[in-house]
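Student: Quick one, final-v8.tsv (TSV, C-alpha atoms and all ligand atoms):
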```
chain	number	residue	atom	x	y	z
Z	1	MET	CA	0.00	0.00	0.00
Z	2	LEU	CA	2.83	2.41	0.84
Z	3	LYS	CA	4.33	1.95	-2.63
Z	4	SER	CA	0.96	2.66	-4.21
Z	5	LYS	CA	0.73	5.89	-2.21
Z	6	PHE	CA	4.22	7.03	-3.29
Z	7	LEU	CA	3.32	6.37	-6.93
Z	8	GLY	CA	-0.14	7.93	-6.54
Z	9	CYS	CA	1.40	11.09	-5.10
Z	10	LEU	CA	3.94	11.79	-7.84
Z	11	ILE	CA	1.71	10.65	-10.71
Z	12	GLY	CA	-1.24	12.49	-9.13
Z	13	SER	CA	0.78	15.69	-8.99
Z	14	ALA	CA	1.78	15.44	-12.66
Z	15	VAL	CA	-1.77	14.57	-13.75
Z	16	GLY	CA	-3.13	17.57	-11.81
Z	17	ASP	CA	-0.60	19.86	-13.47
Z	18	ALA	CA	-1.46	18.51	-16.93
Z	19	LEU	CA	-5.20	18.75	-16.28
Z	20	GLY	CA	-5.00	22.36	-15.11
Z	21	SER	CA	-2.42	23.56	-17.61
Z	22	SER	CA	-4.99	24.55	-20.29
Z	23	PHE	CA	-6.74	26.78	-17.78
Z	24	GLU	CA	-3.94	28.73	-16.11
Z	25	GLY	CA	-5.25	32.24	-15.52
Z	26	SER	CA	-8.86	31.39	-16.37
Z	27	TRP	CA	-12.07	32.36	-14.61
Z	28	VAL	CA	-14.18	29.78	-12.71
Z	29	LEU	CA	-15.08	27.04	-15.17
Z	30	GLU	CA	-17.58	24.24	-15.69
Z	31	GLU	CA	-16.24	20.88	-14.52
Z	32	ASN	CA	-17.47	19.11	-17.65
Z	33	ARG	CA	-15.21	21.26	-19.85
Z	34	ILE	CA	-12.00	20.40	-18.02
Z	35	GLU	CA	-11.19	17.15	-19.74
Z	36	GLU	CA	-11.80	18.37	-23.30
Z	37	ASN	CA	-8.22	19.45	-23.91
Z	38	PHE	CA	-6.35	16.91	-21.80
Z	39	SER	CA	-3.10	16.11	-23.59
Z	40	GLY	CA	-1.13	14.71	-20.66
Z	41	ARG	CA	1.51	17.41	-21.15
Z	42	TRP	CA	2.79	18.97	-17.96
Z	43	THR	CA	4.56	22.24	-17.10
Z	44	ASP	CA	7.35	23.60	-14.87
Z	45	ASP	CA	5.50	22.35	-11.77
Z	46	THR	CA	6.18	18.72	-12.70
Z	47	HIS	CA	9.53	19.50	-14.29
Z	48	MET	CA	10.75	20.88	-10.93
Z	49	MET	CA	9.04	18.11	-8.93
Z	50	ILE	CA	11.09	15.66	-11.02
Z	51	GLY	CA	14.25	17.63	-10.14
Z	52	VAL	CA	13.46	17.39	-6.42
Z	53	ALA	CA	12.94	13.62	-6.72
Z	54	GLU	CA	16.07	13.07	-8.84
Z	55	SER	CA	18.27	14.90	-6.35
Z	56	LEU	CA	16.76	13.25	-3.24
Z	57	ILE	CA	17.29	9.85	-4.86
Z	58	MET	CA	20.84	10.55	-5.97
Z	59	ASN	CA	21.89	11.71	-2.49
Z	60	HIS	CA	19.57	9.53	-0.41
Z	61	GLY	CA	18.40	12.80	1.11
Z	62	PHE	CA	18.78	16.56	0.70
Z	63	ASP	CA	21.87	18.21	-0.79
Z	64	GLY	CA	21.13	21.85	-1.57
Z	65	ASN	CA	23.90	22.41	-4.06
Z	66	HIS	CA	23.13	19.21	-5.94
Z	67	MET	CA	19.42	20.00	-6.07
Z	68	ALA	CA	20.10	23.52	-7.35
Z	69	GLN	CA	22.37	22.10	-10.10
Z	70	THR	CA	19.69	19.54	-10.98
Z	71	PHE	CA	17.06	22.30	-11.35
Z	72	ILE	CA	19.46	24.28	-13.53
Z	73	LYS	CA	20.32	21.32	-15.75
Z	74	ASN	CA	16.65	20.43	-16.25
Z	75	TYR	CA	15.69	24.06	-16.90
Z	76	GLU	CA	18.42	24.53	-19.49
Z	77	GLN	CA	17.28	21.39	-21.33
Z	78	GLU	CA	13.61	22.48	-21.44
Z	79	PRO	CA	13.30	26.18	-20.64
Z	80	TRP	CA	9.93	26.38	-22.40
Z	81	ARG	CA	7.97	24.56	-19.69
Z	82	GLY	CA	6.32	27.76	-18.43
Z	83	TYR	CA	8.66	28.87	-15.65
Z	84	ALA	CA	7.75	32.12	-13.91
Z	85	TYR	CA	10.21	34.99	-13.46
Z	86	GLY	CA	11.95	33.98	-10.21
Z	87	PRO	CA	13.56	30.55	-10.69
Z	88	PRO	CA	15.34	31.25	-14.03
Z	89	GLN	CA	16.72	34.48	-12.56
Z	90	VAL	CA	18.06	32.58	-9.54
Z	91	PHE	CA	19.56	29.96	-11.86
Z	92	ARG	CA	21.51	32.67	-13.70
Z	93	TRP	CA	22.87	34.04	-10.42
Z	94	ILE	CA	23.96	30.58	-9.25
Z	95	ARG	CA	25.54	29.94	-12.66
Z	96	SER	CA	27.51	33.17	-12.25
Z	97	GLY	CA	28.91	32.01	-8.90
Z	98	VAL	CA	26.40	32.98	-6.19
Z	99	ASP	CA	25.97	30.27	-3.53
Z	100	TRP	CA	22.77	28.19	-3.90
Z	101	SER	CA	21.62	29.16	-0.40
Z	102	GLN	CA	22.03	32.91	-0.97
Z	103	ALA	CA	20.84	33.55	-4.54
Z	104	ALA	CA	17.06	33.47	-3.90
Z	105	LYS	CA	17.35	36.15	-1.21
Z	106	ARG	CA	18.07	38.67	-3.96
Z	107	LEU	CA	14.65	38.36	-5.59
Z	108	PHE	CA	11.95	41.00	-5.25
Z	109	GLY	CA	14.09	43.71	-3.74
Z	110	GLY	CA	15.58	41.37	-1.17
Z	111	ALA	CA	12.24	40.07	0.13
Z	112	GLY	CA	12.55	36.69	-1.59
Z	113	SER	CA	9.70	35.01	-3.47
Z	114	TYR	CA	6.37	34.01	-1.92
Z	115	GLY	CA	5.25	32.40	-5.18
Z	116	ASN	CA	3.91	28.86	-5.01
Z	117	GLY	CA	6.92	27.44	-6.89
Z	118	ALA	CA	8.46	25.81	-3.81
Z	119	ALA	CA	5.16	24.18	-2.83
Z	120	MET	CA	4.18	22.96	-6.30
Z	121	ARG	CA	7.28	20.71	-6.51
Z	122	VAL	CA	7.51	19.47	-2.91
Z	123	ALA	CA	5.60	16.15	-3.23
Z	124	PRO	CA	8.73	13.93	-3.12
Z	125	VAL	CA	9.68	15.50	0.24
Z	126	GLY	CA	6.19	14.80	1.60
Z	127	VAL	CA	6.38	11.09	0.77
Z	128	LEU	CA	10.02	10.49	1.70
Z	129	TYR	CA	9.68	12.07	5.15
Z	130	TYR	CA	6.01	11.30	5.81
Z	131	ASP	CA	6.79	9.84	9.26
Z	132	ASP	CA	9.53	12.28	10.31
Z	133	LEU	CA	8.12	15.74	10.96
Z	134	GLU	CA	11.41	17.39	11.77
Z	135	GLN	CA	13.14	16.18	8.61
Z	136	LEU	CA	10.06	16.94	6.53
Z	137	ARG	CA	10.02	20.56	7.64
Z	138	SER	CA	13.77	20.98	7.33
Z	139	VAL	CA	14.00	19.50	3.82
Z	140	ALA	CA	10.86	21.35	2.68
Z	141	TYR	CA	12.49	24.61	3.77
Z	142	GLY	CA	15.87	23.62	2.35
Z	143	GLN	CA	14.54	22.87	-1.11
Z	144	SER	CA	12.55	26.15	-0.97
Z	145	GLN	CA	15.63	28.15	-0.09
Z	146	ILE	CA	17.07	27.46	-3.54
Z	147	THR	CA	14.44	29.67	-5.23
Z	148	HIS	CA	11.97	30.88	-2.58
Z	149	ALA	CA	13.50	32.64	0.41
Z	150	HIS	CA	10.37	34.48	1.63
Z	151	GLU	CA	8.84	32.99	4.77
Z	152	LEU	CA	5.44	32.55	3.08
Z	153	GLY	CA	7.02	30.68	0.16
Z	154	LYS	CA	8.89	28.34	2.49
Z	155	GLU	CA	6.04	27.76	4.91
Z	156	GLY	CA	3.68	27.05	1.98
Z	157	ALA	CA	6.04	24.31	0.84
Z	158	ALA	CA	6.29	22.82	4.34
Z	159	LEU	CA	2.49	22.88	4.72
Z	160	GLN	CA	1.96	21.22	1.34
Z	161	ALA	CA	4.57	18.57	2.21
Z	162	TYR	CA	2.84	17.92	5.52
Z	163	ALA	CA	-0.57	17.60	3.82
Z	164	VAL	CA	1.01	14.94	1.56
Z	165	ALA	CA	2.49	13.21	4.63
Z	166	LEU	CA	-0.88	13.13	6.40
Z	167	ALA	CA	-2.46	11.69	3.25
Z	168	VAL	CA	0.20	8.96	3.08
Z	169	LYS	CA	-0.45	8.06	6.73
Z	170	ALA	CA	-4.26	8.09	6.47
Z	171	ASP	CA	-5.94	4.75	5.87
Z	172	MET	CA	-8.25	4.80	2.82
Z	173	SER	CA	-10.56	2.19	4.32
Z	174	SER	CA	-11.61	4.45	7.21
Z	175	GLN	CA	-13.34	7.71	6.32
Z	176	LEU	CA	-11.02	10.72	6.39
Z	177	GLU	CA	-12.18	13.44	8.78
Z	178	PRO	CA	-11.73	16.88	7.13
Z	179	TYR	CA	-11.87	18.78	10.44
Z	180	ALA	CA	-9.22	16.54	12.02
Z	181	PHE	CA	-7.07	16.82	8.87
Z	182	LEU	CA	-7.22	20.63	9.00
Z	183	LYS	CA	-6.54	20.65	12.73
Z	184	GLU	CA	-3.31	18.67	12.24
Z	185	LEU	CA	-2.21	21.18	9.60
Z	186	LYS	CA	-3.09	24.11	11.86
Z	187	ASP	CA	-1.05	22.60	14.69
Z	188	PHE	CA	1.85	22.09	12.27
Z	189	THR	CA	2.11	25.59	10.81
Z	190	ILE	CA	4.12	28.25	12.60
Z	191	ASN	CA	2.75	31.09	10.48
Z	192	ASP	CA	-0.36	33.16	11.25
Z	193	VAL	CA	-1.27	33.80	7.61
Z	194	TYR	CA	-1.54	30.04	7.01
Z	195	ARG	CA	-3.26	29.39	10.34
Z	196	ARG	CA	-5.98	31.91	9.45
Z	197	LYS	CA	-6.37	30.44	5.97
Z	198	LEU	CA	-6.79	26.96	7.42
Z	199	GLU	CA	-9.45	28.30	9.80
Z	200	THR	CA	-11.20	29.83	6.79
Z	201	ALA	CA	-10.96	26.49	4.97
Z	202	GLU	CA	-12.59	24.81	7.95
Z	203	ARG	CA	-15.43	27.33	7.97
Z	204	LEU	CA	-15.93	26.89	4.22
Z	205	LEU	CA	-16.16	23.06	4.25
Z	206	GLY	CA	-19.20	22.10	2.17
Z	207	GLU	CA	-19.54	25.60	0.64
Z	208	LYS	CA	-21.39	25.47	-2.70
Z	209	ASP	CA	-20.42	28.92	-3.97
Z	210	ARG	CA	-17.06	28.65	-5.75
Z	211	LEU	CA	-16.68	32.42	-6.04
Z	212	ARG	CA	-16.84	32.67	-2.28
Z	213	VAL	CA	-14.15	30.00	-1.94
Z	214	ILE	CA	-11.91	31.88	-4.38
Z	215	LYS	CA	-12.56	35.18	-2.65
Z	216	GLU	CA	-11.67	33.83	0.79
Z	217	LEU	CA	-8.97	31.25	0.06
Z	218	GLY	CA	-7.62	32.62	-3.23
Z	219	ASN	CA	-6.59	30.92	-6.48
Z	220	GLY	CA	-3.45	32.92	-7.23
Z	221	ILE	CA	0.23	32.34	-7.88
Z	222	GLU	CA	1.17	33.29	-4.29
Z	223	ALA	CA	1.79	30.29	-1.99
Z	224	HIS	CA	-0.64	31.58	0.67
Z	225	ASN	CA	-3.34	32.03	-2.00
Z	226	SER	CA	-3.01	28.53	-3.43
Z	227	VAL	CA	-1.67	25.95	-0.95
Z	228	PRO	CA	-4.71	26.24	1.39
Z	229	THR	CA	-6.94	26.15	-1.72
Z	230	ALA	CA	-5.36	22.86	-2.83
Z	231	ILE	CA	-5.83	21.37	0.63
Z	232	TYR	CA	-9.46	22.51	0.57
Z	233	SER	CA	-9.94	21.00	-2.91
Z	234	PHE	CA	-8.64	17.64	-1.70
Z	235	LEU	CA	-11.10	17.78	1.20
Z	236	HIS	CA	-13.94	18.57	-1.23
Z	237	CYS	CA	-14.11	14.82	-1.87
Z	238	PRO	CA	-11.22	12.90	-0.29
Z	239	GLN	CA	-12.42	9.51	-1.50
Z	240	SER	CA	-12.31	10.52	-5.18
Z	241	PHE	CA	-9.18	11.67	-7.00
Z	242	GLU	CA	-11.30	12.64	-9.98
Z	243	LYS	CA	-13.78	14.78	-8.06
Z	244	SER	CA	-11.09	16.57	-6.05
Z	245	LEU	CA	-9.16	17.35	-9.22
Z	246	PHE	CA	-12.19	18.56	-11.18
Z	247	TYR	CA	-13.03	20.82	-8.27
Z	248	ALA	CA	-9.47	22.19	-7.96
Z	249	VAL	CA	-9.18	23.03	-11.67
Z	250	SER	CA	-12.73	24.45	-11.82
Z	251	LEU	CA	-11.59	27.25	-9.49
Z	252	GLY	CA	-9.47	28.66	-12.34
Z	253	GLY	CA	-6.64	31.07	-11.55
Z	254	ASP	CA	-3.35	29.21	-11.09
Z	255	ALA	CA	-5.18	26.05	-12.14
Z	256	ASP	CA	-2.18	23.90	-13.09
Z	257	THR	CA	-0.42	24.51	-9.79
Z	258	ILE	CA	-3.54	24.14	-7.63
Z	259	GLY	CA	-4.23	20.99	-9.69
Z	260	ALA	CA	-0.70	19.67	-9.10
Z	261	MET	CA	-0.83	20.26	-5.34
Z	262	THR	CA	-4.33	18.79	-5.00
Z	263	GLY	CA	-3.26	15.81	-7.12
Z	264	ALA	CA	-0.23	15.17	-4.91
Z	265	ILE	CA	-2.32	15.09	-1.72
Z	266	SER	CA	-5.18	13.12	-3.24
Z	267	GLY	CA	-2.89	10.62	-4.99
Z	268	ALA	CA	-1.02	10.05	-1.73
Z	269	TYR	CA	-4.32	9.25	-0.05
Z	270	VAL	CA	-6.08	7.08	-2.65
Z	271	GLY	CA	-3.01	5.41	-4.22
Z	272	ILE	CA	-2.00	4.93	-7.84
Z	273	GLU	CA	-4.81	2.48	-8.68
Z	274	SER	CA	-7.42	5.16	-8.00
Z	275	VAL	CA	-5.92	7.70	-10.41
Z	276	PRO	CA	-8.06	7.26	-13.54
Z	277	GLU	CA	-6.34	5.12	-16.17
Z	278	ARG	CA	-7.46	7.42	-19.01
Z	279	TRP	CA	-5.37	10.20	-17.44
Z	280	LYS	CA	-2.39	8.04	-16.51
Z	281	ALA	CA	-2.28	6.49	-19.98
Z	282	ARG	CA	-1.75	9.86	-21.66
Z	283	LEU	CA	0.61	11.35	-19.11
Z	284	GLU	CA	3.89	12.57	-20.51
Z	285	ARG	CA	6.88	10.52	-19.18
Z	286	ARG	CA	4.60	8.44	-16.98
Z	287	GLY	CA	7.09	5.58	-16.78
Z	288	TYR	CA	9.92	7.84	-15.65
Z	289	ILE	CA	7.81	9.52	-12.95
Z	290	GLU	CA	6.71	6.09	-11.70
Z	291	GLU	CA	10.34	4.98	-11.63
Z	292	LEU	CA	11.26	8.00	-9.47
Z	293	ALA	CA	8.38	7.28	-7.08
Z	294	GLU	CA	9.44	3.66	-6.81
Z	295	LYS	CA	13.04	4.64	-6.07
Z	296	LEU	CA	11.88	6.99	-3.31
Z	297	TRP	CA	9.85	4.14	-1.87
Z	298	LEU	CA	12.88	1.81	-1.97
Z	299	ILE	CA	15.00	4.42	-0.15
Z	300	LYS	CA	12.26	4.82	2.44
Z	301	ARG	CA	12.10	1.06	2.95
Z	302	ARG	CA	15.84	0.84	3.45
Z	303	LEU	CA	15.82	3.73	5.96
Z	304	GLN	CA	13.08	2.10	8.05
C	401	LIG	N1	6.88	40.58	-3.98
C	401	LIG	C1	6.05	40.78	-5.05
C	401	LIG	N2	5.61	39.81	-5.86
C	401	LIG	C2	6.01	38.56	-5.60
C	401	LIG	C3	6.89	38.25	-4.51
C	401	LIG	C4	7.33	39.34	-3.68
C	401	LIG	N3	8.12	39.15	-2.63
C	401	LIG	N4	7.10	36.94	-4.51
C	401	LIG	C5	6.42	36.43	-5.54
C	401	LIG	N5	5.75	37.39	-6.22
C	401	LIG	P1	8.19	33.46	-8.81
C	401	LIG	P2	7.23	30.69	-8.91
C	401	LIG	C6	4.88	37.23	-7.41
C	401	LIG	O1	8.49	34.36	-9.94
C	401	LIG	O2	6.83	30.78	-7.49
C	401	LIG	C7	4.41	28.87	-13.01
C	401	LIG	O3	3.50	29.25	-13.97
C	401	LIG	C8	5.56	37.75	-8.66
C	401	LIG	O4	4.58	38.21	-9.54
C	401	LIG	O5	9.20	33.29	-7.74
C	401	LIG	O6	8.09	29.53	-9.32
C	401	LIG	C9	3.86	27.73	-12.14
C	401	LIG	O7	2.88	26.98	-12.80
C	401	LIG	C10	6.24	36.49	-9.19
C	401	LIG	O8	6.61	36.51	-10.53
C	401	LIG	O9	7.89	32.00	-9.47
C	401	LIG	C11	3.27	28.45	-10.96
C	401	LIG	O10	1.96	28.84	-11.22
C	401	LIG	C12	5.17	35.47	-8.90
C	401	LIG	O11	4.65	35.84	-7.63
C	401	LIG	C13	4.10	29.66	-10.83
C	401	LIG	O12	4.63	29.94	-12.12
C	401	LIG	C14	5.66	34.02	-8.88
C	401	LIG	O13	6.83	33.89	-8.12
C	401	LIG	C15	5.20	29.49	-9.86
C	401	LIG	O14	5.94	30.63	-9.80
C	402	MG	MG	0.88	27.52	-12.34
```
Could you show the structure in this file as structure tokens?
Ligand code: AR6
Ligand code: MG

Tutor:
Amino acid sequence: MLKSKFLGCLIGSAVGDALGSSFEGSWVLEENRIEENFSGRWTDDTHMMIGVAESLIMNHGFDGNHMAQTFIKNYEQEPWRGYAYGPPQVFRWIRSGVDWSQAAKRLFGGAGSYGNGAAMRVAPVGVLYYDDLEQLRSVAYGQSQITHAHELGKEGAALQAYAVALAVKADMSSQLEPYAFLKELKDFTINDVYRRKLETAERLLGEKDRLRVIKELGNGIEAHNSVPTAIYSFLHCPQSFEKSLFYAVSLGGDADTIGAMTGAISGAYVGIESVPERWKARLERRGYIEELAEKLWLIKRRLQ
């Protein structure tokens, strides 16, 4: 079952990215339109998630310099994946000699980025450290530091990784309790912005009006306006990968990234078998992503 959850998480993340990628920046949309354009092609979200997995596997854990070089190598091979402004800028600074742990602090006038780029790629950290909170937080922050030095960017990644971890630990055969799930996340976060968002998510459970959900939780490119939204989308229907994903993408906005983060949590809960075959079958580089998930699982098994 654990192996199925590792595979479900990484494949789920890539499927969510691919499903949402046609709707990045769109308004709220009808769920029955979402599948029309599904090509299985994914964007920078999955490209960077692959980089995180490759580096964790190569080093049997986190090595900041190696992960930064892996991101750079992947980016230079396929720069057209839809990267935002921040990461490529950081890559150029590192290439010109700036240390991997310092470069991202230069972004946005020294504030660092609070974009959702560190959270969208964090799934491999969530599975590998699902039963070790301290390591999970430390590696989630470490991998963020490469491109996202702002506290909200880093905390968003840690929260997303922890949501994945909780989903790995939860047993599919007993009903998942959304209030208990949100409470665990609230206890985990050390940031008030996220704590308030999780309280809002709790209040909104079962809300029918999508515009209200967007207004209160957000659907933007900022980590604090998308990570809680992905968690909420998973909780919309925890037992169904398909329903959670349709819901996440229907909110529009940063649909590929909210799709990727929802897919990572949902896939980690339901397992690979419950990710619809029609989506898996068309997913770009499915075999390679499955191979990475399996290697992470093997490392986990050896560590235990
Ligand atoms: N001050 C002002 N604006 C900011 C700040 C800040 N401190 N931090 C972030 N932004 P970026 P990402 C805004 O560039 O997080 C892809 O399409 C600013 O507009 O660090 O990797 C993926 O699919 C900045 O450009 O990149 C995701 O949707 C933007 O947030 C997304 O891009 C994104 O931060 C991930 O982007
Ligand atoms: Mg996006």

Student: Looking at all atoms listed in the file, which of Z:Arg81, Z:Arg33, Z:Lys197, Z:Arg137 is the one that sits closest to ligand LIG 401 (chain C)?

Tutor: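 For ligand LIG 401 (chain C), the nearest of the candidates is Z:Arg81.
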
Student: Using only C-alpha atoms and all ligand atoms for the distances, tell me which of Z:His150, Z:Arg121, Z:Arg106, Z:His236 is nearest to ligand MG 402 (chain C).

Tutor: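 Among the listed residues, Z:Arg121 lies closest to ligand MG 402 (chain C).
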
Student: Neighbours of Ser26 of chain Z within 12 Å (only C-alpha atoms; same-chain residues fewer than 2 positions away dropped), as a list in words?

Tutor: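 These residues fall inside the cut-off: Gly20, Ser21, Ser22, Phe23, Glu24, Val28, Leu29, Glu30, Ile34, Asn219, Gly220, Val249, Ser250, Leu251, Gly252, Gly253, Asp254, Ala255 and Asp256 of chain Z.
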
Student: For ligand MG 402 (chain C), which residue among Z:Leu205, Z:Val125, Z:Ala260, Z:Ala140 is the nearest when counting only C-alpha atoms and all ligand atoms?

Tutor: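 Of Z:Leu205, Z:Val125, Z:Ala260, Z:Ala140, the one nearest ligand MG 402 (chain C), counting only C-alpha atoms and all ligand atoms, is Z:Ala260.
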
Student: Fewer than 2 positions away in the same chain doesn't count, so skip those; otherwise give me all residues within 12 Å of Val213 of chain Z, counting all atoms listed in the file, as a short mmCIF file (atom, residue, chain, number, x, y, z; two decimals) with C-alpha atoms, in the coordinates of the input.

Tutor:
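Final output, out_31.cif:
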```cif
data_model
loop_
_atom_site.label_atom_id
_atom_site.label_comp_id
_atom_site.auth_asym_id
_atom_site.auth_seq_id
_atom_site.Cartn_x
_atom_site.Cartn_y
_atom_site.Cartn_z
CA VAL Z 28 -14.18 29.78 -12.71
CA LYS Z 197 -6.37 30.44 5.97
CA THR Z 200 -11.20 29.83 6.79
CA ALA Z 201 -10.96 26.49 4.97
CA GLU Z 202 -12.59 24.81 7.95
CA ARG Z 203 -15.43 27.33 7.97
CA LEU Z 204 -15.93 26.89 4.22
CA LEU Z 205 -16.16 23.06 4.25
CA GLY Z 206 -19.20 22.10 2.17
CA GLU Z 207 -19.54 25.60 0.64
CA LYS Z 208 -21.39 25.47 -2.70
CA ASP Z 209 -20.42 28.92 -3.97
CA ARG Z 210 -17.06 28.65 -5.75
CA LEU Z 211 -16.68 32.42 -6.04
CA LYS Z 215 -12.56 35.18 -2.65
CA GLU Z 216 -11.67 33.83 0.79
CA LEU Z 217 -8.97 31.25 0.06
CA GLY Z 218 -7.62 32.62 -3.23
CA ASN Z 219 -6.59 30.92 -6.48
CA ASN Z 225 -3.34 32.03 -2.00
CA SER Z 226 -3.01 28.53 -3.43
CA PRO Z 228 -4.71 26.24 1.39
CA THR Z 229 -6.94 26.15 -1.72
CA ALA Z 230 -5.36 22.86 -2.83
CA TYR Z 232 -9.46 22.51 0.57
CA SER Z 233 -9.94 21.00 -2.91
CA HIS Z 236 -13.94 18.57 -1.23
CA TYR Z 247 -13.03 20.82 -8.27
CA ALA Z 248 -9.47 22.19 -7.96
CA SER Z 250 -12.73 24.45 -11.82
CA LEU Z 251 -11.59 27.25 -9.49
CA GLY Z 252 -9.47 28.66 -12.34
#
```

Student: Could you report the residues within 6 Å of ligand LIG 401 (chain C), using all atoms listed in the file, as a count of residues only?

Tutor: 21

Student: Give the answer as one residue: which of Z:Leu2, Z:Asp192, Z:Leu176, Z:Arg212 has the shortest atom-to-atom distance to Leu235 of chain Z, using all atoms listed in the file?

Tutor: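 Among the listed residues, Z:Leu176 lies closest to Leu235 of chain Z.
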
Student: Taking (9.7, 12.9, -14.0) in the file's coordinates, which residues come within 6 Å, counting only C-alpha atoms, written as a ChimeraX atom specification?

Tutor: /Z:50,288-289

Student: Anything within 9 Å of (23.1, 26.7, -11.2): list those residues as a ChimeraX atom specification, counting all atoms listed in the file and sticking to the file's coordinates.

Tutor: /Z:65,68-73,90-100

Student: Between atom CA of Met49 of chain Z and atom CA of Leu10 of chain Z, what is the distance, to one decimal in Å?

Tutor: 8.2 Å

Student: Taking all atoms of segment 158-171 of chain Z that appear in the file, build a box with edges along x, y and z, extend it by 8 Å on every side, and state its centre and edge lengths in Å to one decimal, as JSON.

Tutor:
```
{"center_x": 0.2, "center_y": 13.8, "center_z": 4.0, "size_x": 28.2, "size_y": 34.1, "size_z": 21.4}
```

Student: Go through Z:Met48, Z:Glu184, Z:Asp17, Z:Ala53 and flag the residue nearest Glu291 of chain Z, using only C-alpha atoms for the distances.

Tutor: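 For Glu291 of chain Z, the nearest of the candidates is Z:Ala53.
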
Student: Using atom CA of Cys237 of chain Z and atom CA of Val168 of chain Z as the two end points, give the distance in Å to one decimal.

Tutor: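 A separation of 16.2 Å between them.
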
Student: Residues within 10 Å of Ala118 of chain Z, please, as a PyMOL selection string. Count all atoms listed in the file; anything in the same chain fewer than 5 positions from it doesn't count.

Tutor: chain Z and resi 45+48-49+87+113+140-149+153-158+160+223

Student: Enter the distance from atom CA of Lys169 of chain Z to atom CA of His47 of chain Z, in Å, rounded to one decimal.

Tutor: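 Value for the atom CA of Lys169 of chain Z-atom CA of His47 of chain Z distance: 25.9 Å.
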
Student: Kindly indicate which residue among Z:Tyr129, Z:Trp279, Z:Tyr75, Z:Phe234 lies nearest to Gln304 of chain Z, using only C-alpha atoms for the distances.

Tutor: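 Distance minimum relative to Gln304 of chain Z lands on Z:Tyr129.
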